Every structure is written in structure tokens, then in C-alpha cells.
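Structure, as C-alpha cells:
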Amino acid sequence: MDRKIIVLTEGKSNPRDAKTGTSLIRYRTSEVIAVLDKNLVGKTSQEVFDVGGSIPFVAEVSKLNGANTLLIGVAPEGGRLPDSWRKHIKEALELGMEIVSGLHDFLNEDPEFKALSEKYHARIYDVRKNDEKDVAHREGINDTCLRIHTVGQDCSVGKMVTSIEINDGLVKKEMDSVFVATGQTGIMIAGDGCPIDCVVSDFVNGAAEKLVLKNQDHDIIVVEGQGSLGHPSYSAVTLGLLHGISPHGMILCYEARRENTKLYFDVPLQPLEKIKEAVELLGSFMSPCKVIGFSVNTQYLNEEDSKEEISNIEKQFGLPACDVIRNGPTKLIEAVLDFRNELLENGKLKSKKLTEVN
């Protein structure tokens, strides 16, 4: 089915709250035909999210002919469904539309939605629903695939966007690379992956390891990170993902000038030096790994301040840094390729072609 999507962001139509919707519009622009928010009718996606061009806002699902998918474009705190959105979901189901949701509240388990889905033969896809029940075994991981993993100083700093931008750039250079999604938004964009933050804790490492095993036929995998080791709520999933992926190299992502932890305004962020030290130490428990570059989210800085921030980080750590949206991901792509060549030269990574010959 060719998707013709209405993205539901009502009451939360800004780039920070509607991170899922904004990212989908950025990377699947051709599939999105409208954004649903009655408060912004007359506006375009470009005006509100700075992506999406002339994609319009509408007040109701029924106001737009041809749509076949309603996608929940916001991930509220705790992943709960706002009561005010129920009417839009019911209307879409009654029109036979597919519902795509990344919420922790599974819409398939809602009696009213389930009944409507069955009555109107409308599919509900709960992206976070999974049946992962395998622990990690540390078996079968090959030595021909470079594993790159994005990690963060905090939540919502650009780990997914950085992963996609790096992978897309590698593919444009004709490298055999793949983006591996670990969150609901990434899965919606890529069409595959594992919602790692909704996996039972015992099985997080195993679920992450399975993503490696599934994709390691590629020369490079770029695995989306989740949360942060310094976050009071989400550090557990970050560590499980780090150990399950067992990356060779990491890109450390942060938002310039952010001082406090997301959702905890009285909890200062851990310094970048400590985060870098922590991810390298804990990641190396599984296999040697290191940070090879910084992705700097400078969305709240002007051009001059952005350049200064990036320059300072490069001088402080001696590593390449860039804002992948503002500057493009070239520096980080080159860092990945240089790192791969380094590992190939010292024998810590093997060439797939040579392995196939032998």
C-alpha cells in the first residue's frame, strides 16, 4: 500500500513535542499529505516545523480525501494517548484508515478502537508492541561489519537524525551501509527495527544483539541510540542497547546550551567529558570502542554562535564535530570511513571480500 499519511500533532505542533511527526515529514515527505491540528488550519508544515514545504494543516481527518493512514506524530511523556485525540482516531477507523502509533498505550488493546478496527477492517499498527524474549549470547557476531552507534548527553538531542544522516551520506558514497532503528520514529521511517524502550529489561541486550545479527551482512551498520547514561529515567535502556550493539565507534550527540536534563529541570546535565568517559568505559566491557565524533544540535543558536560552539568542541576533544542539519554530515561520514580504514589496517576489522575468498 502506498501510504498517504495524515500526521496527528494537535495541541503539540512544534518541533520539540512533535519530534516523531517532524522527523517523518523530514524523511518521508512524499508520503505525508497533511498535518492534523485544528489550531493551525491555514498554516503549512514548513511554517510550523521548518520542514515539509506546502503540506497543509487540517482540522479533521474527513476534511482530506485520499488519505489512508493516520499516524500519531507526538510521543507524549510516558507515551500516553491524550483524551482529545480519541475522536480523530475513531473517525479514521470508521473511514477504514490504518492507524500507526508509537505510544506505550497500545491502541489494539483499547476495546473501542479494537471494535471499530474489526468492524471497518482497519489495521492498527502499534509500533512499540513486541515479543522480544531472548537474552544476548555474544555468538555469531562477525568481524567484517563496522558497528557505529549514536549516544547522547540527554534525550531528544538528535541521535536518530544523526544516524539517518550519516547512513544516507554513506549510501550516497556507494558504501554498503544500513540505518538500524531502535525507536518508534526510526521504525516508522525505516520500516523495520526494534522499539528497544518497550522491551522487558532482561531482554534489551538480546534484542539489540539480534538487530546486529540481522543486519551484519552489510559493511557498516549505523544504530540509532536511545536515552542517555546520565538520564535519571532512561539510563537502563541506554546501557542495554550499548552492550547489545557492542559498537566499534560512537558519535556523541548533544544540544548546545542545554543545561538541565530533559523532564528534570532541577537536574543538571552530566558534562560531555563524563558522558564520553562513561560510554567508552561501559561500551568497552563488551569490546573495544571509542567516540569518533560529535553531533552538535545547534538549532537554538545563530550562525555565528553555532560555528563557535562547533569549533570549541573540536578543539576541546580533538575530534570532528558538526550540526548534521545545519552543516550537513560530511565531517562525521569522513570520520566513520577513516575509522573503518584504521580498523581494517590494524586487523581489528576484516574485509568482507577477503573473507569470502578465503
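Chain labels A, B, ... are given in the sequence in which chains occur in the C-alpha cells; within each chain residues are numbered consecutively from 1, and ligands are likewise numbered from 1 in the order shown.
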
Worksheet item: Neighbours of Leu71 of chain A within 7 Å (only C-alpha atoms; same-chain residues fewer than 3 positions away dropped), as an MDAnalysis selection string?
Response: chainID A and resid 5:8 99:101

Once you have the residues from the selection above, write them out as a PDB file, in the first residue's frame, restricted to N, CA, C and O atoms.
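Okay, this is what ended up in out18.pdb:
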```
ATOM      1  N   ILE A   5      -0.373   9.803   4.216  1.00  0.00           N
ATOM      2  CA  ILE A   5      -0.434   9.947   5.665  1.00  0.00           C
ATOM      3  C   ILE A   5      -0.938  11.314   6.109  1.00  0.00           C
ATOM      4  O   ILE A   5      -0.527  12.346   5.574  1.00  0.00           O
ATOM      5  N   ILE A   6      -1.829  11.275   7.110  1.00  0.00           N
ATOM      6  CA  ILE A   6      -2.132  12.462   7.908  1.00  0.00           C
ATOM      7  C   ILE A   6      -1.409  12.287   9.237  1.00  0.00           C
ATOM      8  O   ILE A   6      -1.572  11.273   9.909  1.00  0.00           O
ATOM      9  N   VAL A   7      -0.603  13.277   9.608  1.00  0.00           N
ATOM     10  CA  VAL A   7       0.154  13.212  10.865  1.00  0.00           C
ATOM     11  C   VAL A   7      -0.615  13.976  11.937  1.00  0.00           C
ATOM     12  O   VAL A   7      -0.898  15.164  11.786  1.00  0.00           O
ATOM     13  N   LEU A   8      -0.967  13.298  13.014  1.00  0.00           N
ATOM     14  CA  LEU A   8      -1.724  13.903  14.114  1.00  0.00           C
ATOM     15  C   LEU A   8      -0.764  14.507  15.147  1.00  0.00           C
ATOM     16  O   LEU A   8      -0.009  13.784  15.795  1.00  0.00           O
ATOM     17  N   ILE A  99      -4.092   2.953  11.302  1.00  0.00           N
ATOM     18  CA  ILE A  99      -3.594   3.799  12.380  1.00  0.00           C
ATOM     19  C   ILE A  99      -2.188   3.335  12.731  1.00  0.00           C
ATOM     20  O   ILE A  99      -1.965   2.151  13.001  1.00  0.00           O
ATOM     21  N   VAL A 100      -1.235   4.254  12.735  1.00  0.00           N
ATOM     22  CA  VAL A 100       0.145   3.934  13.119  1.00  0.00           C
ATOM     23  C   VAL A 100       0.460   4.710  14.390  1.00  0.00           C
ATOM     24  O   VAL A 100       0.402   5.942  14.404  1.00  0.00           O
ATOM     25  N   SER A 101       0.780   3.988  15.449  1.00  0.00           N
ATOM     26  CA  SER A 101       1.003   4.612  16.750  1.00  0.00           C
ATOM     27  C   SER A 101       2.276   4.096  17.400  1.00  0.00           C
ATOM     28  O   SER A 101       2.520   2.895  17.438  1.00  0.00           O
TER      29      SER A 101
END
```

Fill in: Of the listed residues A:Leu239, A:Val212, A:Leu81, A:Ile221, that which approaches Cys194 of chain A most closely, counting only C-alpha atoms
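For Cys194 of chain A, the nearest of the candidates is A:Val212.
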
Worksheet item: Contacts of Cys289 of chain A at 6 Å or less, counting only C-alpha atoms, minus same-chain residues fewer than 4 places along, as a count of residues only?
Response: 3

Fill in: Those of segment 87-326 of chain A in DSSP alpha helix (DSSP H), formatted as number ranges by chain
A: 87-94, 111-119, 159-172, 184-190, 204-215, 235-245, 272-283, 303-317

Item to complete: List every residue of segment 194-260 of chain A that DSSP, applied to the backbone, labels as strand (DSSP E or B), and write the result as a PyMOL selection string.
Response: chain A and resi 220-223+249-255+260

Item to complete: Would you mind telling me which residue in A:Asp202, A:Leu64, A:Arg28, A:Ser287 lies nearest to Lys133 of chain A when using only C-alpha atoms?
Response: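 Using only C-alpha atoms, the shortest distance to Lys133 of chain A belongs to A:Asp202.
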
Discussion item. I need the residue nearest Tyr264 of chain A from this list: A:Val279, A:Glu209, A:Cys155, A:Asn68. Use only C-alpha atoms for the distance.
Written reply: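 Going through A:Val279, A:Glu209, A:Cys155, A:Asn68 one by one, the smallest distance to Tyr264 of chain A is for A:Cys155.
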
Where does segment 89-161 of chain A meet segment 330-337 of chain A within 12 Å, residue by residue, with the nearest atom pair and distance in Å to one decimal for each, counting only C-alpha atoms, listed by chain and rising number, as a tab-separated table?
```
residue	atom	partner	partner_atom	distance
A:Leu146	CA	A:Val336	CA	9.0
A:Arg147	CA	A:Val336	CA	9.8
A:Ile148	CA	A:Val336	CA	7.8
A:His149	CA	A:Val336	CA	10.7
A:Thr150	CA	A:Leu332	CA	11.3
```

File of the preceding selection, all heavy atoms, as a PDB file, in the first residue's frame:
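Dumped everything to out-v1.pdb:
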```
ATOM      1  N   LEU A 146      31.312  -3.049  10.371  1.00  0.00           N
ATOM      2  CA  LEU A 146      31.615  -1.953  11.290  1.00  0.00           C
ATOM      3  C   LEU A 146      30.327  -1.502  11.972  1.00  0.00           C
ATOM      4  O   LEU A 146      29.352  -1.155  11.308  1.00  0.00           O
ATOM      5  CB  LEU A 146      32.225  -0.784  10.532  1.00  0.00           C
ATOM      6  CG  LEU A 146      32.506   0.476  11.359  1.00  0.00           C
ATOM      7  CD1 LEU A 146      33.616   0.218  12.377  1.00  0.00           C
ATOM      8  CD2 LEU A 146      32.864   1.653  10.450  1.00  0.00           C
ATOM      9  N   ARG A 147      30.328  -1.487  13.294  1.00  0.00           N
ATOM     10  CA  ARG A 147      29.152  -1.102  14.061  1.00  0.00           C
ATOM     11  C   ARG A 147      29.339   0.310  14.632  1.00  0.00           C
ATOM     12  O   ARG A 147      30.220   0.537  15.464  1.00  0.00           O
ATOM     13  CB  ARG A 147      28.891  -2.108  15.192  1.00  0.00           C
ATOM     14  CG  ARG A 147      28.683  -3.531  14.703  1.00  0.00           C
ATOM     15  CD  ARG A 147      28.376  -4.507  15.832  1.00  0.00           C
ATOM     16  NE  ARG A 147      29.454  -4.632  16.795  1.00  0.00           N
ATOM     17  CZ  ARG A 147      30.523  -5.414  16.636  1.00  0.00           C
ATOM     18  NH1 ARG A 147      30.662  -6.140  15.522  1.00  0.00           N
ATOM     19  NH2 ARG A 147      31.461  -5.490  17.582  1.00  0.00           N
ATOM     20  N   ILE A 148      28.532   1.240  14.140  1.00  0.00           N
ATOM     21  CA  ILE A 148      28.561   2.627  14.604  1.00  0.00           C
ATOM     22  C   ILE A 148      27.270   2.892  15.378  1.00  0.00           C
ATOM     23  O   ILE A 148      26.175   2.512  14.948  1.00  0.00           O
ATOM     24  CB  ILE A 148      28.669   3.616  13.425  1.00  0.00           C
ATOM     25  CG1 ILE A 148      29.969   3.373  12.651  1.00  0.00           C
ATOM     26  CG2 ILE A 148      28.594   5.065  13.910  1.00  0.00           C
ATOM     27  CD1 ILE A 148      31.237   3.627  13.451  1.00  0.00           C
ATOM     28  N   HIS A 149      27.393   3.552  16.507  1.00  0.00           N
ATOM     29  CA  HIS A 149      26.249   3.753  17.405  1.00  0.00           C
ATOM     30  C   HIS A 149      26.210   5.217  17.862  1.00  0.00           C
ATOM     31  O   HIS A 149      27.241   5.777  18.251  1.00  0.00           O
ATOM     32  CB  HIS A 149      26.410   2.823  18.611  1.00  0.00           C
ATOM     33  CG  HIS A 149      25.281   2.824  19.584  1.00  0.00           C
ATOM     34  ND1 HIS A 149      23.957   2.939  19.218  1.00  0.00           N
ATOM     35  CD2 HIS A 149      25.278   2.721  20.950  1.00  0.00           C
ATOM     36  CE1 HIS A 149      23.194   2.891  20.290  1.00  0.00           C
ATOM     37  NE2 HIS A 149      23.974   2.779  21.351  1.00  0.00           N
ATOM     38  N   THR A 150      25.039   5.842  17.785  1.00  0.00           N
ATOM     39  CA  THR A 150      24.898   7.211  18.295  1.00  0.00           C
ATOM     40  C   THR A 150      24.505   7.166  19.770  1.00  0.00           C
ATOM     41  O   THR A 150      23.601   6.423  20.159  1.00  0.00           O
ATOM     42  CB  THR A 150      23.854   8.009  17.500  1.00  0.00           C
ATOM     43  OG1 THR A 150      22.629   7.259  17.417  1.00  0.00           O
ATOM     44  CG2 THR A 150      24.344   8.316  16.096  1.00  0.00           C
TER      45      THR A 150
END
```

Practice prompt. Tell me, as a count of residues only, which residues lie within 12 Å of Cys145 of chain A, counting only C-alpha atoms; anything in the same chain fewer than 5 positions away does not count.
Written response: 31

Worksheet item: For the atom pair atom CA of Asn14 of chain A and atom CA of Thr44 of chain A, what is the interatomic distance in Å to one decimal place?
Response: 12.3 Å
